[in-house]
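Q: The structure is given below, and queries will be raised subsequently.
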Amino acid sequence: SFAYFTIKDRLPQILTRVIDTLHRHKNEFFEEHGEKGVEAEKRAISFLSKLRNELQTDKPVTPLEDELPDAALWNQYLDYQRNLSNGNGEPSWFQSPWLFVECYMYRRIHAALAQNPPIDNFDVFKEGKAQNFFESQEAVIALCTYFQELLKNIKDLDEKQLQEELFKLLQVSLWGNKCDLSFSAGEDSSQKSSPLQSLENLVPYILVNDMEKLWSLLVNAKKNRTEGSNVRVDIILDNAGFELVSDLVLADFLLSSKLADEVYFHGKSIPWYVSDTTKHDFNWTVKQLQSANHMWMSRCGINWEGNLKKGVWVFCDHMFWTLPHDFSSMSGVAPDLYAELQMSNLLLFKGDLNYRKLTGDRKWEYTVPFRQALNKFHPAPLCSLRTLKSDTQVGLKPGQGEQIQASEPEWMVNGKYGIVQFDASL
């Protein structure tokens, strides 16, 4: 299965890169922390080499031994996996659900550093994220330029034109999801050219396209807004780099067009899946744009810094996003986060990992309704913007999946197809 290939080949590659990254920063650790830094680097590398060996030899998945705040929840989940195996021995790397062991690997990478001060705050994925951002520079410039030109006359746009612009920026945010470093095992995945030019050609590759539903939800929310109430959109972020910039442009458009009054961004509290957005990545990106020597890039950065200061943009992270649980268990495991999401008018879930967690990461029949796969996860109307990089997909028309499968066996995993899939049931 694709899961097997991922665990067998891709995850060891990612671990090897992490070890290499620590090794390359040895001198920096020495300069900053002296011998203590070098000792910590050695300990972290030995921890990670052991982890890589456990993975490659299909050893049992062991309980977490660190004192980090989420360790107890992880170990409970591990017990739950043990009980599922009906006494067939310990859950091991190749004999466990893909989502669980993949999340578990990233959590163990985090522990390797967190348990080894003074390098405990070092993000082993930071360089790759920064590189992705800089290598996508042309696309970022094109997008910021387009957007700043659009803002000049946004007040004069009629409903039809506003709708067209929303659809454009939703698609840019959707295809921005191709830039995923865990998918390419850390190889270059930057966005080289302006994504705006190719949107027309990519429309046939959107397998489920519920953009009209998003539009009517936002327009109705705006019309029915009472005095003192705000229309709130939450974006559950995926990758840093170009994808994050495309999400920020979409968020700015929602405010500027008055389709929303506030946007909440949800990121990861620890480095995750190579290129996922942390608070540091979020702030770093805004700062990079602000200080760019390109007029429209820096204008975007300045405006976005302003949105954060005014509180119309809010960045939040929560431990739940880096647990192995799918979202149907959020109300039980993280009732505070679930209650927070209930305050939203619309939840936009970016990317493949969020889709896997929305649908329980199962091998569904393609035609199973999205609502059914959500398994009662309904804090608010929600929409998944995702390019397909794993073999889970629901809500297709009868025959649609089989038809593509016939000509393109890799269609579910090559990032070529996308969905804008909406569910409003509450």
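Ligands are numbered from 1 in the order shown, residues from 1 within each chain, and chains are lettered A, B, ... in the order they appear in the structure tokens.
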Run DSSP on the backbone and grab whatever in segment 209-396 of chain A lands in strand (DSSP E); send it over as a ChimeraX atom specification.

A: /A:209,232-236,262-267,313-317,346-350,382-387

Q: So that I can check the surroundings of segment 54-66 of chain A, please list as an MDAnalysis selection string every protein, DNA and RNA residue that reaches within 6 Å of it, counting only C-alpha atoms and ignoring chain neighbours fewer than 3 positions away.

A: chainID A and resid 51 75 90:94

Q: Counting only C-alpha atoms, what are the residues of segment 162-280 of chain A within 9 Å of segment 351-359 of chain A, and for each of them which pair of atoms is the nearest and at what distance in Å, to one decimal? Sort the table by chain and rising number, as JSON lines.

A:
```
{"residue": "A:Leu174", "atom": "CA", "partner": "A:Gly351", "partner_atom": "CA", "distance": 8.0}
{"residue": "A:Asn177", "atom": "CA", "partner": "A:Gly351", "partner_atom": "CA", "distance": 5.9}
{"residue": "A:Lys178", "atom": "CA", "partner": "A:Gly351", "partner_atom": "CA", "distance": 8.6}
{"residue": "A:Ile236", "atom": "CA", "partner": "A:Asn354", "partner_atom": "CA", "distance": 8.1}
{"residue": "A:Leu237", "atom": "CA", "partner": "A:Gly351", "partner_atom": "CA", "distance": 7.8}
{"residue": "A:Asp238", "atom": "CA", "partner": "A:Gly351", "partner_atom": "CA", "distance": 5.7}
{"residue": "A:Asn239", "atom": "CA", "partner": "A:Gly351", "partner_atom": "CA", "distance": 8.0}
{"residue": "A:Tyr273", "atom": "CA", "partner": "A:Leu353", "partner_atom": "CA", "distance": 8.9}
```

Q: Record the distance separating atom CA of Leu22 of chain A and atom CA of Lys268 of chain A, expressed in Å with one decimal.

A: 21.3 Å

Q: Using only C-alpha atoms, which residue out of A:Met319, A:Leu217, A:Leu248, A:Leu151 lies closest to Leu347 of chain A?

A: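 With only C-alpha atoms as the atom set, the closest residue is A:Leu217.
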